[in-house]
$ cat input25.cif   # mmCIF, C-alpha atoms
data_model
#
loop_
_atom_site.label_atom_id
_atom_site.label_comp_id
_atom_site.auth_asym_id
_atom_site.auth_seq_id
_atom_site.Cartn_x
_atom_site.Cartn_y
_atom_site.Cartn_z
CA MET A 750 115.46 123.81 104.87
CA LEU A 751 114.89 120.15 104.15
CA SER A 752 117.47 117.64 105.30
CA GLU A 753 119.32 115.56 102.73
CA ASN A 754 117.59 112.47 104.07
CA LEU A 755 114.12 113.99 103.72
CA ILE A 756 114.89 115.18 100.18
CA LYS A 757 116.12 111.68 99.34
CA GLU A 758 112.91 110.11 100.65
CA LEU A 759 110.68 112.66 98.91
CA ASN A 760 112.51 111.94 95.64
CA GLU A 761 112.01 108.23 96.27
CA GLN A 762 108.29 108.94 96.56
CA ILE A 763 108.33 110.55 93.12
CA LYS A 764 109.62 107.23 91.82
CA TYR A 765 106.83 105.31 93.56
CA GLU A 766 104.16 107.67 92.25
CA LEU A 767 105.49 107.29 88.70
CA TYR A 768 105.60 103.51 89.19
CA SER A 769 101.95 103.72 90.28
CA GLU A 770 101.14 105.61 87.08
CA ASN A 771 102.74 102.87 85.00
CA LEU A 772 101.07 100.11 87.03
CA TYR A 773 97.64 101.62 86.42
CA LEU A 774 98.38 102.07 82.71
CA ALA A 775 99.30 98.37 82.57
CA MET A 776 96.02 97.54 84.29
CA ALA A 777 94.18 99.79 81.82
CA ALA A 778 95.83 97.93 78.94
CA TYR A 779 94.71 94.60 80.40
CA CYS A 780 91.13 95.86 80.75
CA ALA A 781 91.23 97.20 77.18
CA SER A 782 92.28 93.75 75.98
CA GLU A 783 89.18 92.37 77.70
CA ASP A 784 86.93 94.96 75.94
CA LEU A 785 86.04 96.59 79.26
CA ASP A 786 86.11 100.25 78.32
CA GLY A 787 84.83 101.52 81.67
CA PHE A 788 87.47 99.63 83.64
CA THR A 789 90.06 100.85 81.12
CA ASN A 790 88.90 104.40 81.75
CA PHE A 791 89.02 103.89 85.53
CA PHE A 792 92.67 102.86 85.43
CA LYS A 793 93.65 105.54 82.90
CA VAL A 794 92.13 108.17 85.19
CA GLN A 795 93.94 106.58 88.13
CA ALA A 796 97.21 106.82 86.17
CA GLU A 797 96.58 110.55 85.61
CA GLU A 798 96.00 110.99 89.31
CA GLU A 799 99.27 109.25 90.17
CA ARG A 800 101.20 111.48 87.78
CA PHE A 801 99.57 114.48 89.47
CA HIS A 802 100.79 113.12 92.82
CA ALA A 803 104.33 112.71 91.46
CA MET A 804 104.31 116.30 90.25
CA LYS A 805 103.10 117.55 93.65
CA PHE A 806 106.19 115.95 95.22
CA PHE A 807 108.40 117.25 92.40
CA ASP A 808 107.11 120.82 92.81
CA TYR A 809 107.28 120.68 96.61
CA ILE A 810 110.94 119.63 96.61
CA ILE A 811 111.80 122.51 94.26
CA GLU A 812 109.70 124.97 96.26
CA MET A 813 111.67 123.98 99.35
CA ASN A 814 114.97 124.65 97.53
CA GLY A 815 115.75 120.97 97.13
CA ARG A 816 116.80 119.11 94.01
CA ALA A 817 114.10 116.94 92.50
CA GLU A 818 115.56 113.82 90.92
CA ILE A 819 113.98 111.30 88.62
CA SER A 820 115.19 107.74 88.91
CA ALA A 821 114.51 104.54 87.01
CA ILE A 822 111.36 102.63 87.75
CA GLU A 823 110.82 98.95 87.25
CA ALA A 824 108.31 97.62 84.77
CA PRO A 825 104.91 96.85 86.28
CA GLU A 826 103.12 93.54 85.98
CA ASN A 827 101.24 93.35 82.69
CA GLU A 828 99.32 90.07 82.97
CA TYR A 829 96.25 89.66 85.15
CA GLY A 830 93.85 86.80 85.69
CA SER A 831 90.70 88.90 85.85
CA VAL A 832 89.39 92.37 86.57
CA LEU A 833 89.06 91.31 90.21
CA ASP A 834 92.75 90.35 90.14
CA THR A 835 93.69 93.85 88.92
CA PHE A 836 91.74 95.49 91.74
CA GLU A 837 93.11 93.13 94.40
CA LYS A 838 96.64 93.96 93.26
CA ALA A 839 95.84 97.67 93.00
CA TYR A 840 94.42 97.64 96.55
CA LYS A 841 97.55 95.92 97.84
CA HIS A 842 99.67 98.49 96.00
CA GLU A 843 97.72 101.39 97.55
CA GLN A 844 98.31 99.87 100.99
CA PHE A 845 102.04 99.88 100.18
CA VAL A 846 101.86 103.54 99.09
CA THR A 847 100.07 104.42 102.33
CA LYS A 848 102.94 102.88 104.30
CA ARG A 849 105.37 104.98 102.26
CA ILE A 850 103.41 108.18 103.02
CA TYR A 851 103.33 107.27 106.71
CA LYS A 852 107.09 106.69 106.63
CA LEU A 853 107.56 110.15 105.12
CA MET A 854 105.25 111.68 107.72
CA ASP A 855 107.14 109.93 110.53
CA LEU A 856 110.41 111.32 109.18
CA ALA A 857 108.98 114.85 108.85
CA ILE A 858 107.67 114.67 112.43
CA GLU A 859 111.00 113.33 113.70
CA GLU A 860 112.81 116.20 111.97
CA LYS A 861 110.17 118.72 113.09
CA GLU A 862 109.79 119.79 109.46
CA HIS A 863 106.42 121.49 109.82
CA ALA A 864 106.01 122.56 106.19
CA THR A 865 106.49 118.96 105.08
CA ILE A 866 104.07 117.72 107.75
CA SER A 867 101.48 120.13 106.39
CA PHE A 868 102.22 119.06 102.80
CA LEU A 869 101.95 115.36 103.63
CA LYS A 870 98.60 115.69 105.40
CA TRP A 871 96.96 116.01 101.97
CA PHE A 872 98.51 112.67 100.97
CA VAL A 873 97.42 110.97 104.19
CA ASP A 874 93.83 111.96 103.40
CA GLU A 875 94.25 111.01 99.75
CA GLN A 876 95.51 107.54 100.67
CA MET A 877 92.50 106.94 102.90
CA GLU A 878 90.31 107.70 99.88
CA GLU A 879 92.42 105.53 97.54
CA GLU A 880 92.32 102.51 99.83
CA SER A 881 88.58 102.90 100.35
CA THR A 882 87.94 103.10 96.60
CA PHE A 883 89.96 100.00 95.78
CA ASN A 884 88.69 98.00 98.75
CA GLY A 885 85.12 98.85 97.72
CA MET A 886 85.75 97.69 94.17
CA VAL A 887 87.31 94.43 95.40
CA LYS A 888 84.20 93.79 97.49
CA LYS A 889 81.82 94.60 94.60
CA LEU A 890 83.71 92.44 92.13
CA SER A 891 83.96 89.58 94.62
CA ARG A 892 80.18 89.68 95.17
CA ILE A 893 79.30 89.53 91.48
CA GLU A 894 81.70 86.64 90.75
CA ASN A 895 81.09 85.69 87.10
CA ASN A 896 77.86 87.63 86.58
CA GLY A 897 78.45 89.24 83.18
CA HIS A 898 75.45 91.57 83.47
CA ALA A 899 76.68 92.97 86.80
CA LEU A 900 80.21 93.34 85.40
CA ASN A 901 78.82 95.30 82.44
CA MET A 902 76.87 97.56 84.81
CA ILE A 903 80.02 98.37 86.81
CA ASP A 904 81.93 98.83 83.55
CA ALA A 905 79.35 101.41 82.38
CA GLU A 906 79.54 103.18 85.75
CA LEU A 907 83.35 103.40 85.61
CA ALA A 908 83.23 104.84 82.09
CA GLN A 909 81.92 108.07 83.67
CA ARG A 910 84.97 108.61 85.90
CA VAL A 911 87.10 111.67 85.13
CA PHE A 912 90.19 113.15 86.72
CA THR A 913 89.66 116.64 88.03
CA PRO A 914 92.70 118.07 89.78
CA PRO A 915 91.89 119.85 93.04
CA ALA A 916 90.83 123.48 92.54
CA THR A 917 93.99 124.62 94.24
CA THR A 918 97.35 122.97 93.85
CA ASP A 919 98.58 124.40 97.15
CA LYS A 920 100.42 121.92 99.23
#
$ encode --input "input25.cif" --output "C-alpha cells"
Amino acid sequence: MLSENLIKELNEQIKYELYSENLYLAMAAYCASEDLDGFTNFFKVQAEEERFHAMKFFDYIIEMNGRAEISAIEAPENEYGSVLDTFEKAYKHEQFVTKRIYKLMDLAIEEKEHATISFLKWFVDEQMEEESTFNGMVKKLSRIENNGHALNMIDAELAQRVFTPPATTDK
C-alpha cells in the first residue's frame, strides 16, 4: 500500500505532467504563429506524450488503491523570442521534470515501495531520452543561427514526428 506522502507526490507529478502538456501546446501555438508547421507538430506531439505520462501516473495511483487527484495548474509562458528560445526553455523544463522523477524515485526507495520503484524506472529512462532530444535540438538550432534554409530543413524533418504510445502500457 502506498503511503499518504507517496500518493501526494505522485498526484503532484500528475499536475506537472499536465503543466508540461500545456507548456508544449503554448510552444506549438508560438511556432504556428511563425508559420513553422514542423516545429508546431513537434510540440503538439510532445504535448500528447506529456498527457500520456500524466495518465500513466493517474492509472498507477488508482491501480495501487490510491486516490488520484487533479489540481490546478498555472498558465504556461506564451511568448517566445525564437524557436531556439522555445527549445532552450523546453530543455530547462525537462531538466526540472527529471529532478521531480528523481525525487519520486528517492522517496520510493526510502519507503522501500518496490512496485513504485519499478514503475518509476520507465520514467527515469524516458527523461534521459527527453533531455537528449531537447539538448540536441538546442545544439542544432544554435549552430544554424539565422540560416533560414537550415531552419526550413529542420522544420520539414519535425513535420514527420508522430506520437506512438508504447506497445504495452504496463508500468
$ residues_around --input "input25.cif" --residues "Ser881 in chain A" --least-positions-apart "6" --cutoff "10 Å" --atoms "only C-alpha atoms" --output "PDB file with C-alpha atoms, in the frame of the given file"
ATOM      1  CA  TYR A 840      94.420  97.640  96.550  1.00  0.00           C
ATOM      2  CA  GLU A 843      97.720 101.390  97.550  1.00  0.00           C
ATOM      3  CA  GLU A 875      94.250 111.010  99.750  1.00  0.00           C
ATOM      4  CA  VAL A 887      87.310  94.430  95.400  1.00  0.00           C
TER       5      VAL A 887
END
$ resolve_selection --input "input25.cif" --expression "the PyMOL selection byres ((chain A and resi 800) around 12)" --output "list in words"
Gln762, Ile763, Lys764, Tyr765, Glu766, Leu767, Tyr768, Ser769, Glu770, Asn771, Leu772, Tyr773, Leu774, Lys793, Val794, Gln795, Ala796, Glu797, Glu798, Glu799, Phe801, His802, Ala803, Met804, Lys805, Phe806, Phe807, Phe912 and Pro914 of chain A
$ residues_around --input "input25.cif" --residues "Glu862 in chain A" --least-positions-apart "3" --cutoff "12 Å" --atoms "only C-alpha atoms" --output "PDB file with C-alpha atoms, in the coordinates of the input"
ATOM      1  CA  MET A 750     115.460 123.810 104.870  1.00  0.00           C
ATOM      2  CA  LEU A 751     114.890 120.150 104.150  1.00  0.00           C
ATOM      3  CA  SER A 752     117.470 117.640 105.300  1.00  0.00           C
ATOM      4  CA  ASN A 754     117.590 112.470 104.070  1.00  0.00           C
ATOM      5  CA  LEU A 755     114.120 113.990 103.720  1.00  0.00           C
ATOM      6  CA  ILE A 756     114.890 115.180 100.180  1.00  0.00           C
ATOM      7  CA  MET A 813     111.670 123.980  99.350  1.00  0.00           C
ATOM      8  CA  LEU A 853     107.560 110.150 105.120  1.00  0.00           C
ATOM      9  CA  MET A 854     105.250 111.680 107.720  1.00  0.00           C
ATOM     10  CA  ASP A 855     107.140 109.930 110.530  1.00  0.00           C
ATOM     11  CA  LEU A 856     110.410 111.320 109.180  1.00  0.00           C
ATOM     12  CA  ALA A 857     108.980 114.850 108.850  1.00  0.00           C
ATOM     13  CA  ILE A 858     107.670 114.670 112.430  1.00  0.00           C
ATOM     14  CA  GLU A 859     111.000 113.330 113.700  1.00  0.00           C
ATOM     15  CA  THR A 865     106.490 118.960 105.080  1.00  0.00           C
ATOM     16  CA  ILE A 866     104.070 117.720 107.750  1.00  0.00           C
ATOM     17  CA  SER A 867     101.480 120.130 106.390  1.00  0.00           C
ATOM     18  CA  PHE A 868     102.220 119.060 102.800  1.00  0.00           C
ATOM     19  CA  LEU A 869     101.950 115.360 103.630  1.00  0.00           C
TER      20      LEU A 869
END
$ atom_distance --input "input25.cif" --atom1 "CA of Pro825 in chain A" --atom2 "CA of Ala775 in chain A"
6.9 Å
$ atom_distance --input "input25.cif" --atom1 "CA of Glu826 in chain A" --atom2 "CA of Ala908 in chain A"
23.2 Å
$ atom_distance --input "input25.cif" --atom1 "CA of Glu860 in chain A" --atom2 "CA of Glu878 in chain A"
26.9 Å
$ closest_residue --input "input25.cif" --among "A:Val911, A:Val846, A:Leu833, A:Val873" --to "Gly885 in chain A" --atoms "all atoms listed in the file"
A:Leu833
$ residues_around --input "input25.cif" --residues "His842 in chain A" --least-positions-apart "3" --cutoff "10 Å" --atoms "all atoms listed in the file" --output "list in words"
Ser769, Leu772, Phe836, Glu837, Lys838, Ala839, Phe845, Val846, Thr847, Lys848, Glu880 and Phe883 of chain A
$ write_last_selection --input "input25.cif" --atoms "C-alpha atoms" --output "tab-separated table (two decimals), in the frame of the given file"
chain	number	residue	atom	x	y	z
A	769	SER	CA	101.95	103.72	90.28
A	772	LEU	CA	101.07	100.11	87.03
A	836	PHE	CA	91.74	95.49	91.74
A	837	GLU	CA	93.11	93.13	94.40
A	838	LYS	CA	96.64	93.96	93.26
A	839	ALA	CA	95.84	97.67	93.00
A	845	PHE	CA	102.04	99.88	100.18
A	846	VAL	CA	101.86	103.54	99.09
A	847	THR	CA	100.07	104.42	102.33
A	848	LYS	CA	102.94	102.88	104.30
A	880	GLU	CA	92.32	102.51	99.83
A	883	PHE	CA	89.96	100.00	95.78
$ closest_residue --input "input25.cif" --among "A:Asp784, A:Glu753, A:Lys888, A:Gln876" --to "Asn814 in chain A" --atoms "only C-alpha atoms"
A:Glu753
$ closest_residue --input "input25.cif" --among "A:Asn896, A:Thr882, A:Ser831, A:Thr913" --to "Leu785 in chain A" --atoms "only C-alpha atoms"
A:Ser831
$ closest_residue --input "input25.cif" --among "A:Cys780, A:Ile810, A:Ile903, A:Ala864" --to "Tyr829 in chain A" --atoms "all atoms listed in the file"
A:Cys780
$ closest_residue --input "input25.cif" --among "A:Phe792, A:Tyr809, A:Tyr851, A:Phe872" --to "Tyr779 in chain A" --atoms "all atoms listed in the file"
A:Phe792
$ closest_residue --input "input25.cif" --among "A:Trp871, A:Phe788, A:His898, A:Ser782" --to "Met886 in chain A" --atoms "all atoms listed in the file"
A:Phe788
$ build_atoms --input "input25.cif" --residues "range 900-917 of chain A" --atoms "N, CA and C atoms" --output "PDB file, in the frame of the given file"
ATOM      1  N   LEU A 900      78.912  92.814  85.823  1.00  0.00           N
ATOM      2  CA  LEU A 900      80.210  93.340  85.400  1.00  0.00           C
ATOM      3  C   LEU A 900      80.019  94.460  84.381  1.00  0.00           C
ATOM      4  N   ASN A 901      79.093  94.267  83.439  1.00  0.00           N
ATOM      5  CA  ASN A 901      78.820  95.300  82.440  1.00  0.00           C
ATOM      6  C   ASN A 901      78.229  96.560  83.075  1.00  0.00           C
ATOM      7  N   MET A 902      77.439  96.398  84.120  1.00  0.00           N
ATOM      8  CA  MET A 902      76.870  97.560  84.810  1.00  0.00           C
ATOM      9  C   MET A 902      77.978  98.367  85.493  1.00  0.00           C
ATOM     10  N   ILE A 903      78.896  97.680  86.153  1.00  0.00           N
ATOM     11  CA  ILE A 903      80.020  98.370  86.810  1.00  0.00           C
ATOM     12  C   ILE A 903      80.904  99.011  85.747  1.00  0.00           C
ATOM     13  N   ASP A 904      81.115  98.294  84.637  1.00  0.00           N
ATOM     14  CA  ASP A 904      81.930  98.830  83.550  1.00  0.00           C
ATOM     15  C   ASP A 904      81.328 100.145  83.033  1.00  0.00           C
ATOM     16  N   ALA A 905      80.015 100.188  82.859  1.00  0.00           N
ATOM     17  CA  ALA A 905      79.350 101.410  82.380  1.00  0.00           C
ATOM     18  C   ALA A 905      79.489 102.531  83.408  1.00  0.00           C
ATOM     19  N   GLU A 906      79.389 102.189  84.681  1.00  0.00           N
ATOM     20  CA  GLU A 906      79.540 103.180  85.750  1.00  0.00           C
ATOM     21  C   GLU A 906      80.945 103.785  85.734  1.00  0.00           C
ATOM     22  N   LEU A 907      81.957 102.940  85.573  1.00  0.00           N
ATOM     23  CA  LEU A 907      83.350 103.400  85.610  1.00  0.00           C
ATOM     24  C   LEU A 907      83.723 104.219  84.380  1.00  0.00           C
ATOM     25  N   ALA A 908      82.970 104.061  83.314  1.00  0.00           N
ATOM     26  CA  ALA A 908      83.230 104.840  82.090  1.00  0.00           C
ATOM     27  C   ALA A 908      83.005 106.330  82.335  1.00  0.00           C
ATOM     28  N   GLN A 909      82.248 106.666  83.375  1.00  0.00           N
ATOM     29  CA  GLN A 909      81.920 108.070  83.670  1.00  0.00           C
ATOM     30  C   GLN A 909      83.008 108.768  84.483  1.00  0.00           C
ATOM     31  N   ARG A 910      83.954 108.029  85.018  1.00  0.00           N
ATOM     32  CA  ARG A 910      84.970 108.610  85.900  1.00  0.00           C
ATOM     33  C   ARG A 910      85.883 109.558  85.117  1.00  0.00           C
ATOM     34  N   VAL A 911      86.168 110.712  85.712  1.00  0.00           N
ATOM     35  CA  VAL A 911      87.100 111.670  85.130  1.00  0.00           C
ATOM     36  C   VAL A 911      88.068 112.143  86.209  1.00  0.00           C
ATOM     37  N   PHE A 912      89.218 112.585  85.782  1.00  0.00           N
ATOM     38  CA  PHE A 912      90.190 113.150  86.720  1.00  0.00           C
ATOM     39  C   PHE A 912      90.034 114.660  86.713  1.00  0.00           C
ATOM     40  N   THR A 913      89.750 115.190  87.869  1.00  0.00           N
ATOM     41  CA  THR A 913      89.660 116.640  88.030  1.00  0.00           C
ATOM     42  C   THR A 913      90.641 117.021  89.125  1.00  0.00           C
ATOM     43  N   PRO A 914      91.742 117.663  88.753  1.00  0.00           N
ATOM     44  CA  PRO A 914      92.700 118.070  89.780  1.00  0.00           C
ATOM     45  C   PRO A 914      92.020 118.980  90.792  1.00  0.00           C
ATOM     46  N   PRO A 915      92.470 118.963  92.034  1.00  0.00           N
ATOM     47  CA  PRO A 915      91.890 119.850  93.040  1.00  0.00           C
ATOM     48  C   PRO A 915      91.936 121.303  92.546  1.00  0.00           C
ATOM     49  N   ALA A 916      90.948 122.080  92.971  1.00  0.00           N
ATOM     50  CA  ALA A 916      90.830 123.480  92.540  1.00  0.00           C
ATOM     51  C   ALA A 916      92.095 124.275  92.817  1.00  0.00           C
ATOM     52  N   THR A 917      92.744 123.952  93.914  1.00  0.00           N
ATOM     53  CA  THR A 917      93.990 124.620  94.240  1.00  0.00           C
ATOM     54  C   THR A 917      95.092 123.564  94.296  1.00  0.00           C
TER      55      THR A 917
END
